[in-house]
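K.L.:
input_27.cif is reproduced below (mmCIF, C-alpha atoms).
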```cif
data_my_file
loop_
_atom_site.label_atom_id
_atom_site.label_comp_id
_atom_site.auth_asym_id
_atom_site.auth_seq_id
_atom_site.Cartn_x
_atom_site.Cartn_y
_atom_site.Cartn_z
CA MET A 1376 -3.77 -21.52 54.65
CA LYS A 1377 -5.51 -24.26 52.74
CA ASN A 1378 -6.88 -27.14 54.83
CA THR A 1379 -4.90 -26.03 57.91
CA LYS A 1380 -6.33 -26.59 61.37
CA LYS A 1381 -6.23 -23.00 62.59
CA HIS A 1382 -7.67 -23.45 66.05
CA THR A 1383 -4.54 -24.91 67.64
CA MET A 1384 -0.83 -25.41 67.13
CA LEU A 1385 -0.12 -29.05 66.32
CA ASP A 1386 2.82 -30.91 67.81
CA MET A 1387 5.23 -32.75 65.53
CA GLN A 1388 3.59 -36.16 65.65
CA GLY A 1389 0.10 -34.70 65.24
CA ALA A 1390 1.28 -32.70 62.24
CA LEU A 1391 3.00 -35.61 60.52
CA ASP A 1392 -0.06 -37.81 61.03
CA SER A 1393 -2.33 -35.09 59.66
CA LEU A 1394 -3.84 -35.16 56.18
CA ASP A 1395 -2.63 -31.56 55.88
CA SER A 1396 1.01 -32.66 55.92
CA SER A 1397 2.85 -33.24 52.64
CA ILE A 1398 5.60 -35.22 54.41
CA HIS A 1399 5.00 -38.47 56.28
CA VAL A 1400 7.46 -40.31 58.47
CA GLN A 1401 7.98 -44.04 58.38
CA ASN A 1402 10.04 -45.91 60.98
CA GLY A 1403 9.64 -42.89 63.23
CA GLU A 1404 10.88 -44.60 66.40
CA SER A 1405 14.19 -45.59 64.83
CA ASP A 1406 17.45 -44.13 66.12
CA PHE A 1407 19.19 -45.12 62.89
CA GLY A 1408 17.16 -44.04 59.90
CA ARG A 1409 13.74 -42.44 59.82
CA PHE A 1410 12.33 -42.33 56.31
CA TYR A 1411 10.52 -39.18 55.12
CA ARG A 1412 8.09 -39.71 52.24
CA MET A 1413 6.72 -36.73 50.27
CA ASP A 1414 3.38 -37.08 48.49
CA VAL A 1415 3.61 -33.80 46.50
CA PRO A 1416 6.02 -32.75 43.75
CA PHE A 1417 7.33 -29.68 45.59
CA GLN A 1418 7.10 -28.37 49.16
CA LEU A 1419 8.62 -25.77 51.46
CA THR A 1420 9.38 -26.15 55.15
CA LEU A 1421 10.32 -23.04 57.13
CA GLU A 1422 11.77 -23.60 60.60
CA CYS A 1423 12.44 -20.81 63.11
CA CYS A 1424 13.70 -20.75 66.69
CA SER A 1425 14.83 -17.96 69.01
CA GLY A 1426 17.49 -20.06 70.72
CA ALA A 1427 16.33 -18.60 74.04
CA GLY A 1428 16.93 -21.80 75.95
CA ALA A 1429 15.84 -25.36 76.58
CA LYS A 1430 12.19 -24.32 76.94
CA ASP A 1431 12.11 -22.69 73.50
CA TYR A 1432 10.25 -24.22 70.56
CA VAL A 1433 11.21 -24.70 66.94
CA ASN A 1434 8.22 -23.36 64.98
CA ILE A 1435 7.69 -25.18 61.70
CA VAL A 1436 5.39 -24.48 58.75
CA THR A 1437 5.18 -26.80 55.76
CA LEU A 1438 3.56 -25.63 52.50
CA SER A 1439 2.80 -27.31 49.20
CA PHE A 1440 0.34 -26.84 46.36
CA ASP A 1441 -2.74 -27.97 48.30
CA LYS A 1442 -1.49 -28.66 51.81
CA ALA A 1443 -0.25 -26.57 54.71
CA VAL A 1444 0.39 -27.35 58.36
CA LEU A 1445 1.92 -25.45 61.28
CA TYR A 1446 3.45 -27.26 64.24
CA GLN A 1447 6.08 -27.06 66.96
CA GLU A 1448 8.93 -29.21 68.18
CA PRO A 1449 10.54 -28.54 71.58
CA TYR A 1450 14.02 -27.05 71.13
CA ALA A 1451 15.50 -29.39 73.74
CA LEU A 1452 13.88 -32.44 72.11
CA LYS A 1453 15.17 -31.55 68.65
CA ASN A 1454 18.71 -31.14 69.94
CA TYR A 1455 18.37 -34.29 72.05
CA SER A 1456 17.44 -36.26 68.94
CA TYR A 1457 20.49 -34.82 67.22
CA ALA A 1458 22.74 -35.79 70.13
CA GLN A 1459 21.30 -39.30 70.06
CA ASN A 1460 22.14 -39.44 66.32
CA ALA A 1461 18.60 -40.05 65.11
CA PRO A 1462 19.02 -39.13 61.44
CA HIS A 1463 16.54 -39.32 58.58
CA PHE A 1464 16.59 -39.78 54.83
CA HIS A 1465 13.88 -39.28 52.24
CA ASP A 1466 12.53 -40.07 48.81
CA PHE A 1467 13.08 -36.50 47.55
CA PHE A 1468 15.94 -34.04 47.02
CA GLU A 1469 16.29 -31.34 49.65
CA PHE A 1470 17.88 -27.90 49.54
CA VAL A 1471 18.78 -26.66 53.03
CA ILE A 1472 19.03 -22.85 53.01
CA VAL A 1473 20.16 -20.96 56.13
CA LEU A 1474 18.38 -17.61 56.14
CA GLU A 1475 19.51 -16.45 59.59
CA GLY A 1476 21.86 -17.75 62.28
CA ASN A 1477 23.85 -20.97 62.10
CA ILE A 1478 22.98 -24.66 61.99
CA VAL A 1479 25.01 -27.84 62.13
CA GLN A 1480 24.23 -30.60 59.67
CA LYS A 1481 25.18 -34.09 60.75
CA ILE A 1482 25.51 -35.96 57.45
CA GLU A 1483 26.28 -39.67 57.75
CA GLY A 1484 27.67 -39.05 61.24
CA LYS A 1485 29.90 -36.06 60.35
CA ASP A 1486 29.21 -32.48 61.46
CA TYR A 1487 29.21 -29.57 58.99
CA LEU A 1488 28.60 -25.95 60.03
CA TYR A 1489 26.32 -23.80 57.86
CA THR A 1490 26.08 -20.05 58.38
CA ALA A 1491 23.54 -17.51 57.12
CA GLY A 1492 23.44 -17.39 53.31
CA SER A 1493 24.98 -20.83 52.81
CA CYS A 1494 23.13 -23.85 51.40
CA CYS A 1495 23.48 -27.53 50.65
CA LEU A 1496 21.70 -30.02 48.42
CA ILE A 1497 21.02 -33.43 49.97
CA ASN A 1498 20.19 -36.32 47.65
CA ARG A 1499 17.86 -39.24 48.36
CA SER A 1500 20.48 -41.52 49.90
CA LEU A 1501 22.13 -39.63 52.75
CA ARG A 1502 21.10 -39.89 56.39
CA HIS A 1503 21.25 -36.51 58.08
CA ALA A 1504 19.96 -34.47 61.02
CA GLU A 1505 19.99 -30.77 61.91
CA HIS A 1506 21.05 -29.05 65.12
CA TYR A 1507 20.25 -25.43 66.04
CA PRO A 1508 22.99 -24.17 68.40
CA ALA A 1509 21.29 -20.76 68.71
CA ALA A 1510 18.65 -18.58 67.03
CA ALA A 1511 18.12 -19.59 63.41
CA LYS A 1512 15.74 -19.47 60.47
CA VAL A 1513 16.07 -22.22 57.85
CA LEU A 1514 14.19 -22.92 54.62
CA TYR A 1515 14.01 -26.52 53.38
CA ILE A 1516 12.92 -27.06 49.77
CA GLY A 1517 11.79 -30.60 48.98
CA ILE A 1518 11.81 -31.52 45.29
CA SER A 1519 10.57 -34.80 43.88
CA PRO A 1520 12.49 -36.55 41.07
CA GLY A 1521 9.47 -35.99 38.80
CA PHE A 1522 9.47 -32.23 39.40
CA PHE A 1523 13.15 -32.02 38.43
CA THR A 1524 12.55 -34.16 35.34
CA ASN A 1525 9.66 -31.95 34.17
CA LEU A 1526 11.67 -28.79 34.81
CA PHE A 1527 14.67 -30.07 32.85
CA ASP A 1528 12.50 -31.29 29.96
CA ALA A 1529 10.89 -27.85 29.68
CA ALA A 1530 14.30 -26.17 29.64
CA ARG A 1531 15.53 -28.43 26.85
CA GLY A 1532 12.64 -27.23 24.69
CA SER A 1533 13.24 -23.58 25.53
CA PHE A 1534 13.32 -20.87 22.87
CA PHE A 1535 16.33 -19.33 24.66
CA PRO A 1536 19.64 -21.02 23.75
CA ASP A 1537 21.41 -19.47 26.77
CA GLU A 1538 19.03 -21.33 29.09
CA LYS A 1539 20.66 -24.60 28.09
CA ALA A 1540 23.94 -23.54 29.71
CA PHE A 1541 22.47 -24.93 32.93
CA PHE A 1542 22.98 -28.44 31.57
CA ASP A 1543 26.75 -27.93 31.87
CA SER A 1544 26.57 -27.13 35.60
CA ASP A 1545 27.65 -29.14 38.63
CA VAL A 1546 24.11 -28.89 39.99
CA TYR A 1547 22.58 -30.52 36.91
CA ARG A 1548 25.22 -33.26 36.82
CA PHE A 1549 24.73 -34.02 40.52
CA ILE A 1550 20.94 -34.28 40.23
CA THR A 1551 20.91 -36.36 37.04
CA ALA A 1552 23.56 -38.70 38.47
CA ASP A 1553 21.24 -39.44 41.39
CA LEU A 1554 18.21 -39.74 39.13
CA ASN A 1555 20.01 -42.32 37.01
CA GLU A 1556 21.88 -44.16 39.78
CA PRO A 1557 20.48 -43.52 43.28
CA GLY A 1558 22.70 -44.34 46.24
CA ARG A 1559 25.71 -42.04 45.71
CA ARG A 1560 27.29 -40.90 49.01
CA ALA A 1561 27.78 -37.25 48.13
CA TYR A 1562 26.11 -33.88 48.46
CA LEU A 1563 26.57 -30.34 47.14
CA ASP A 1564 27.83 -27.48 49.30
CA PHE A 1565 27.11 -23.86 48.35
CA LEU A 1566 29.23 -21.09 49.88
CA PRO A 1567 28.37 -17.46 49.04
CA ALA A 1568 31.05 -15.78 46.97
CA TYR A 1569 33.02 -13.20 48.95
CA GLN A 1570 31.84 -10.46 46.58
CA ASN A 1571 28.21 -11.61 46.77
CA HIS A 1572 27.14 -9.08 49.40
CA ARG A 1573 23.41 -9.56 48.78
CA HIS A 1574 23.21 -13.33 49.21
CA ALA A 1575 21.15 -13.19 52.41
CA ALA A 1576 18.73 -10.58 51.03
CA ARG A 1577 18.22 -12.55 47.81
CA LEU A 1578 17.49 -15.76 49.71
CA HIS A 1579 15.00 -13.96 51.96
CA ALA A 1580 13.27 -12.50 48.89
CA LEU A 1581 13.14 -15.93 47.26
CA ALA A 1582 11.64 -17.55 50.37
CA GLU A 1583 9.03 -14.82 50.72
CA ALA A 1584 8.04 -15.01 47.03
CA MET A 1585 7.69 -18.80 47.10
CA ILE A 1586 5.66 -18.76 50.31
CA GLN A 1587 3.37 -16.02 48.98
CA THR A 1588 2.83 -17.96 45.75
CA LEU A 1589 1.86 -21.12 47.63
CA LEU A 1590 -0.38 -19.32 50.12
CA TYR A 1591 -2.17 -17.11 47.60
CA PRO A 1592 -2.11 -18.89 44.23
CA ARG A 1593 -3.48 -17.12 41.19
CA PHE A 1594 -3.61 -18.07 37.53
CA GLY A 1595 -0.04 -18.96 36.51
CA ALA A 1596 1.08 -19.70 40.10
CA TYR A 1597 2.65 -23.02 39.10
CA PHE A 1598 4.73 -21.36 36.38
CA ARG A 1599 5.69 -18.57 38.76
CA LEU A 1600 6.89 -21.15 41.28
CA CYS A 1601 8.88 -22.96 38.60
CA GLY A 1602 10.38 -19.62 37.56
CA LEU A 1603 11.37 -18.72 41.12
CA PHE A 1604 12.96 -22.10 41.70
CA SER A 1605 14.76 -21.96 38.34
CA SER A 1606 16.11 -18.51 39.25
CA PHE A 1607 17.37 -19.97 42.52
CA LEU A 1608 19.12 -22.81 40.63
CA SER A 1609 20.71 -20.26 38.29
CA ASP A 1610 22.12 -18.34 41.26
CA MET A 1611 23.51 -21.54 42.75
CA CYS A 1612 25.28 -22.27 39.45
CA SER A 1613 26.79 -18.79 39.08
CA PRO A 1614 30.45 -18.49 40.23
CA GLN A 1615 29.79 -14.80 40.88
CA SER A 1616 27.11 -15.76 43.43
CA TYR A 1617 28.16 -19.11 44.94
CA HIS A 1618 31.03 -21.55 45.13
CA CYS A 1619 29.65 -25.04 44.52
CA THR A 1620 31.58 -28.05 45.83
CA ASN A 1621 30.70 -31.72 45.41
CA ILE A 1622 31.50 -33.33 48.77
CA ARG A 1623 32.14 -37.06 48.88
CA LEU A 1624 31.38 -38.71 52.20
CA ASP A 1625 34.60 -40.74 52.12
CA THR A 1626 36.58 -37.57 52.88
CA GLY A 1627 37.03 -36.04 56.34
CA SER A 1628 34.47 -33.49 57.52
CA ASP A 1629 37.14 -30.80 57.79
CA PHE A 1630 37.96 -31.15 54.09
CA LEU A 1631 34.81 -29.12 53.38
CA LEU A 1632 36.21 -26.27 55.48
CA PHE A 1633 39.53 -26.45 53.62
CA SER A 1634 37.61 -26.34 50.34
CA ARG A 1635 35.71 -23.24 51.50
CA ILE A 1636 38.95 -21.51 52.53
CA THR A 1637 40.49 -22.33 49.16
CA ARG A 1638 37.50 -20.99 47.21
CA LEU A 1639 37.49 -17.70 49.15
CA LEU A 1640 41.23 -17.16 48.84
CA GLU A 1641 41.11 -17.96 45.15
CA GLU A 1642 38.25 -15.49 44.62
CA SER A 1643 40.00 -12.70 46.59
CA ASP A 1644 43.43 -13.34 45.00
CA GLY A 1645 44.70 -14.41 48.39
CA ARG A 1646 43.95 -11.04 49.94
CA MET A 1647 41.10 -12.06 52.24
CA THR A 1648 42.45 -11.43 55.73
CA ARG A 1649 42.48 -13.90 58.58
CA ALA A 1650 39.93 -11.77 60.43
CA GLU A 1651 37.64 -11.71 57.36
CA LEU A 1652 37.89 -15.50 57.01
CA GLU A 1653 37.05 -15.89 60.69
CA GLN A 1654 33.94 -13.76 60.33
CA PHE A 1655 32.82 -15.31 57.04
CA LEU A 1656 33.33 -18.95 58.05
CA ASN A 1657 32.57 -18.62 61.79
CA TYR A 1658 35.73 -20.44 62.92
CA SER A 1659 38.73 -19.14 64.85
CA GLY A 1660 41.84 -18.15 62.93
CA ASP A 1661 43.90 -20.74 64.81
CA TYR A 1662 41.55 -23.52 63.72
CA LEU A 1663 41.54 -22.30 60.10
CA ASN A 1664 45.34 -22.24 60.21
CA ARG A 1665 45.44 -25.87 61.44
CA ILE A 1666 43.09 -27.00 58.67
CA VAL A 1667 45.22 -25.33 55.97
CA ASN A 1668 48.37 -26.79 57.47
CA LYS A 1669 46.81 -30.26 57.44
CA TYR A 1670 45.85 -30.21 53.76
CA ALA A 1671 48.31 -27.76 52.19
CA ASP A 1672 51.32 -28.21 54.52
CA MET A 1673 51.70 -24.44 54.94
CA CYS A 1674 50.35 -21.73 57.21
CA LEU A 1675 47.25 -19.71 56.35
CA TYR A 1676 49.29 -16.61 55.43
CA ASP A 1677 51.56 -18.51 53.04
CA TYR A 1678 48.61 -20.34 51.50
CA GLY A 1679 46.87 -17.03 50.81
CA MET A 1680 50.08 -15.54 49.42
CA SER A 1681 50.37 -18.42 46.94
CA PHE A 1682 47.08 -17.29 45.34
CA CYS A 1683 48.24 -13.67 45.39
CA LEU A 1684 51.51 -14.40 43.61
CA LYS A 1685 49.74 -16.68 41.14
CA LYS A 1686 47.48 -13.74 40.24
CA ALA A 1687 50.53 -11.48 39.92
CA ALA A 1688 52.14 -13.93 37.47
CA GLN A 1689 48.90 -14.07 35.49
CA CYS A 1690 48.71 -10.26 35.28
CA LEU A 1691 52.33 -10.09 34.11
CA THR A 1692 51.64 -12.39 31.15
CA GLU A 1693 48.09 -11.34 30.27
CA THR A 1694 48.19 -7.54 30.72
CA ASP A 1695 50.47 -4.63 29.92
CA ASP A 1696 50.14 -3.15 33.40
CA SER A 1697 53.34 -2.04 35.06
CA VAL A 1698 54.84 -4.06 37.89
CA SER A 1699 54.04 -1.23 40.29
CA ALA A 1700 50.39 -1.17 39.18
CA ILE A 1701 50.09 -4.95 39.61
CA ALA A 1702 51.63 -4.79 43.07
CA ALA A 1703 49.25 -1.99 44.07
CA ARG A 1704 46.27 -3.88 42.69
CA LEU A 1705 47.20 -6.83 44.90
CA LYS A 1706 47.44 -4.51 47.94
CA PHE A 1707 51.22 -4.50 48.35
CA THR A 1708 52.32 -1.23 49.92
CA ASN A 1709 56.01 -2.13 49.76
CA ARG A 1710 57.32 -2.76 46.23
CA THR A 1711 60.54 -4.31 47.55
CA HIS A 1712 58.56 -6.81 49.60
CA PHE A 1713 56.52 -7.78 46.54
CA TYR A 1714 59.70 -8.33 44.50
CA ALA A 1715 61.24 -10.46 47.25
CA LEU A 1716 58.18 -12.70 47.60
CA PHE A 1717 57.76 -13.08 43.84
CA ARG A 1718 61.41 -14.01 43.36
CA GLU A 1719 61.26 -16.51 46.23
CA LYS A 1720 58.31 -18.29 44.56
CA TYR A 1721 59.28 -18.12 40.87
CA GLY A 1722 63.07 -17.76 41.02
CA VAL A 1723 63.12 -14.58 38.92
CA THR A 1724 61.99 -10.96 39.29
CA PRO A 1725 58.57 -9.91 37.97
CA LYS A 1726 60.17 -8.18 34.95
CA GLU A 1727 62.23 -11.26 34.11
CA TYR A 1728 59.14 -13.46 34.48
CA ARG A 1729 57.25 -11.27 31.99
CA ARG A 1730 60.12 -11.39 29.52
CA LEU A 1731 60.39 -15.18 29.77
CA HIS A 1732 56.65 -15.87 29.42
CA THR A 1733 55.49 -13.38 26.76
#
```
As structure tokens, please, write out the structure in this file.

P.N.:
Amino acid sequence: MKNTKKHTMLDMQGALDSLDSSIHVQNGESDFGRFYRMDVPFQLTLECCSGAGAKDYVNIVTLSFDKAVLYQEPYALKNYSYAQNAPHFHDFFEFVIVLEGNIVQKIEGKDYLYTAGSCCLINRSLRHAEHYPAAAKVLYIGISPGFFTNLFDAARGSFFPDEKAFFDSDVYRFITADLNEPGRRAYLDFLPAYQNHRHAARLHALAEAMIQTLLYPRFGAYFRLCGLFSSFLSDMCSPQSYHCTNIRLDTGSDFLLFSRITRLLEESDGRMTRAELEQFLNYSGDYLNRIVNKYADMCLYDYGMSFCLKKAAQCLTETDDSVSAIAARLKFTNRTHFYALFREKYGVTPKEYRRLHT
């Protein structure tokens, strides 16, 4: 590592006061708002803990173009700070990427659970803190406004027209809104698509490639890093890879969970089971049912069935498939049951619906 003190493991304060650190803390004793200032355009912070108990440590390595530092923070102290609501904010954008385990993000006083493979993008205005309830590995990517501006300017001059599709994404709109008018109380949530079975592996590969590039730079390393980060942004913008939701802080913290449930049921045509939702979202089925009932005024099963029947109606008007084939595609084993549910929702049989709408 470049400029790293290799003879000993630094503690947090020693690391942040070191010239090897790319992030410096101001107002560090505050229980309300510590300010993190970054003096490089781009940096990575990898945090790992075993979750073995109060005596465990969170091991942290921070890397940038010409700086690197390794330090530790006691597990109990980190969680104590979280419990005491000692948040921070910063002068850079930050992607929080959960590689393994689970973490809880407290954003402006509200708790949000993030599981392996999920991500969020924090802007420069939100106070937040992280809590590790158990073993976890998390990658934080800090990006300065100038780095984003240079990246976007290069893309606008690209020889590839398809590259400009990024400028119609929620990610681009969110970043440019903060660049133009800092202070918005919102952040982006990224939930892996249900069919995106390789999300964890891709994020691990990305983290490894970025770290290797920063540790062992060769000619073209800067462009390789820009390419890796741009590839990551492209994945975040792809509906086949992630569901992106702009979360406003004036909504309840459980609205994010409802949004995640809705995205997954919509993607799976309502056929994602309660057990699968429990495993994917790391909440009990009873709690998921209460959240859906709160926002949709129906139980989880009925909410999922509404997406299923909506897909059935779409297939009836947009395809020539038989009613039996559509029912089978949507995993109905009883054709009579499918007819009864469809008629209850739309007031007519599937065949009558097709005749009326084609």

K.L.:
Mind pulling up the distance from atom CA of Phe1527 of chain A to atom CA of Ile1550 of chain A?

P.N.:
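Atom CA of Ile1550 of chain A sits 10.6 Å away from atom CA of Phe1527 of chain A.
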
K.L.:
With distances taken over only C-alpha atoms, which of A:Val1444, A:Ala1671, A:Val1436, A:Ala1580 is nearest to Asp1392 of chain A?

P.N.:
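Ranking A:Val1444, A:Ala1671, A:Val1436, A:Ala1580 by distance to Asp1392 of chain A, first place goes to A:Val1444.
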
K.L.:
Could you list, as a list in words, every residue within 12 Å of segment 1722-1733 of chain A, counting all atoms listed in the file and ignoring same-chain residues fewer than 2 positions away?

P.N.:
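Returned residues: Leu1684, Lys1685, Lys1686, Ala1687, Ala1688, Gln1689, Cys1690, Leu1691, Thr1692, Glu1693, Thr1694, Asp1695, Asp1696, Ser1697, Val1698, Ser1699, Ile1701, Ala1702, Arg1710, Thr1711, His1712, Phe1713, Tyr1714, Ala1715, Leu1716, Phe1717, Arg1718, Glu1719 and Lys1720 of chain A.
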
K.L.:
Excluding Leu1474 of chain A and residues on its chain fewer than 6 positions from it, collect all residues at most 9 Å away from it, counting only C-alpha atoms, and give them as an NGL selection string.

P.N.:
:A and (1490-1493 or 1511-1514 or 1575-1576 or 1578-1579 or 1582)

K.L.:
In Å, with one decimal, what is the gap from atom CA of Ala1703 of chain A to atom CA of Leu1663 of chain A?

P.N.:
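Calculated distance between atom CA of Ala1703 of chain A and atom CA of Leu1663 of chain A is 27.0 Å.
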
K.L.:
Quick one: which residues end up in the PyMOL selection byres ((chain A and resi 1420-1423) around 9) for this structure, as a list in words?

P.N.:
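Residues picked by the PyMOL selection byres ((chain A and resi 1420-1423) around 9): Gln1418, Leu1419, Cys1424, Ser1425, Tyr1432, Val1433, Asn1434, Ile1435, Val1436, Thr1437, Leu1438, Ser1439, Ala1510, Ala1511, Lys1512, Val1513, Leu1514, Tyr1515, Ile1516, Gly1517 and Ala1582 of chain A.
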
K.L.:
Could you list as a PDB file with C-alpha atoms, keeping the file's coordinate frame every residue that has an atom within 7 Å of (30.5, -34.8, 50.7), using the file's coordinates and counting all atoms listed in the file?

P.N.:
```pdb
ATOM      1  CA  ALA A1561      27.780 -37.250  48.130  1.00  0.00           C
ATOM      2  CA  TYR A1562      26.110 -33.880  48.460  1.00  0.00           C
ATOM      3  CA  LEU A1563      26.570 -30.340  47.140  1.00  0.00           C
ATOM      4  CA  ASN A1621      30.700 -31.720  45.410  1.00  0.00           C
ATOM      5  CA  ILE A1622      31.500 -33.330  48.770  1.00  0.00           C
ATOM      6  CA  ARG A1623      32.140 -37.060  48.880  1.00  0.00           C
ATOM      7  CA  LEU A1624      31.380 -38.710  52.200  1.00  0.00           C
TER       8      LEU A1624
END
```

K.L.:
Quick one: of A:Ala1529, A:Met1680, A:Tyr1489, A:Met1673, who's nearest to Cys1601 of chain A, counting only C-alpha atoms?

P.N.:
A:Ala1529

K.L.:
Any chance you could resolve the PyMOL selection byres ((chain A and resi 1602-1605) around 12) against this file and give the residues as a ChimeraX atom specification?

P.N.:
/A:1417-1419,1470,1516-1518,1522-1523,1525-1527,1529-1530,1538,1541,1546-1547,1577-1578,1580-1589,1595-1601,1606-1612

K.L.:
Could you tell me how far atom CA of Asn1571 of chain A sits from atom CA of Phe1468 of chain A, in Å to one decimal place?

P.N.:
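Separation between atom CA of Phe1468 of chain A and atom CA of Asn1571 of chain A: 25.6 Å.
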
K.L.:
As a check of understanding, name the residues that the PyMOL selection byres ((chain A and resi 1410) around 7) selects in the supplied structure, as a tab-separated table (two decimals) with C-alpha atoms, keeping the file's coordinate frame.

P.N.:
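See part-v5.tsv below for the written result:
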```tsv
chain	number	residue	atom	x	y	z
A	1400	VAL	CA	7.46	-40.31	58.47
A	1401	GLN	CA	7.98	-44.04	58.38
A	1402	ASN	CA	10.04	-45.91	60.98
A	1408	GLY	CA	17.16	-44.04	59.90
A	1409	ARG	CA	13.74	-42.44	59.82
A	1411	TYR	CA	10.52	-39.18	55.12
A	1412	ARG	CA	8.09	-39.71	52.24
A	1463	HIS	CA	16.54	-39.32	58.58
A	1464	PHE	CA	16.59	-39.78	54.83
A	1465	HIS	CA	13.88	-39.28	52.24
```

K.L.:
Taking only C-alpha atoms into account, name the residue in A:Tyr1678, A:Asp1414, A:Gly1484, A:Ala1451 that is nearest to Met1647 of chain A.

P.N.:
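Looking at the shortest contact to Met1647 of chain A, the residue is A:Tyr1678.
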
K.L.:
If we count only C-alpha atoms and set the cut-off at 12 Å, which residues sit around Cys1674 of chain A, ignoring sequence neighbours fewer than 3 positions away in its own chain? Please answer as a VMD selection string.

P.N.:
chain A and resid 1649 1660 to 1671 1677 to 1681

K.L.:
Between A:Glu1642, A:Asp1545, A:Asp1466, A:Asp1431, single out the one closest to Gly1521 of chain A, counting only C-alpha atoms.

P.N.:
A:Asp1466

K.L.:
Taking (19.1, -32.1, 56.7) in the file's coordinates as the center, which residues reach within 8 Å of it, counting all atoms listed in the file, put as a list in words?

P.N.:
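The requested residues, written out, are His1463, Glu1469, Val1471, Gln1480, Lys1481, Ile1482, Ile1497, His1503, Ala1504 and Glu1505 of chain A.
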
K.L.:
Report, as lines of an AutoDock Vina configuration file, the axis-aligned box around all atoms of segment 1434-1444 of chain A present in the file, extended by 3 Å on each side; give centre and edge lengths in Å to one decimal place.

P.N.:
```
center_x = 2.7
center_y = -26.0
center_z = 55.7
size_x = 17.0
size_y = 11.3
size_z = 24.6
```

K.L.:
Point out the residue among A:Leu1705, A:Leu1445, A:Leu1675, A:Ala1509 with the least atom-to-atom distance to Ser1643 of chain A, counting all atoms listed in the file.

P.N.:
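Closest to Ser1643 of chain A, using all atoms listed in the file: A:Leu1705.
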
K.L.:
Could you tell me which of A:Ser1634, A:Glu1556, A:His1618, A:Thr1626 comes closest to Glu1483 of chain A if we count all atoms listed in the file?

P.N.:
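Nearest candidate to Glu1483 of chain A out of A:Ser1634, A:Glu1556, A:His1618, A:Thr1626: A:Thr1626.
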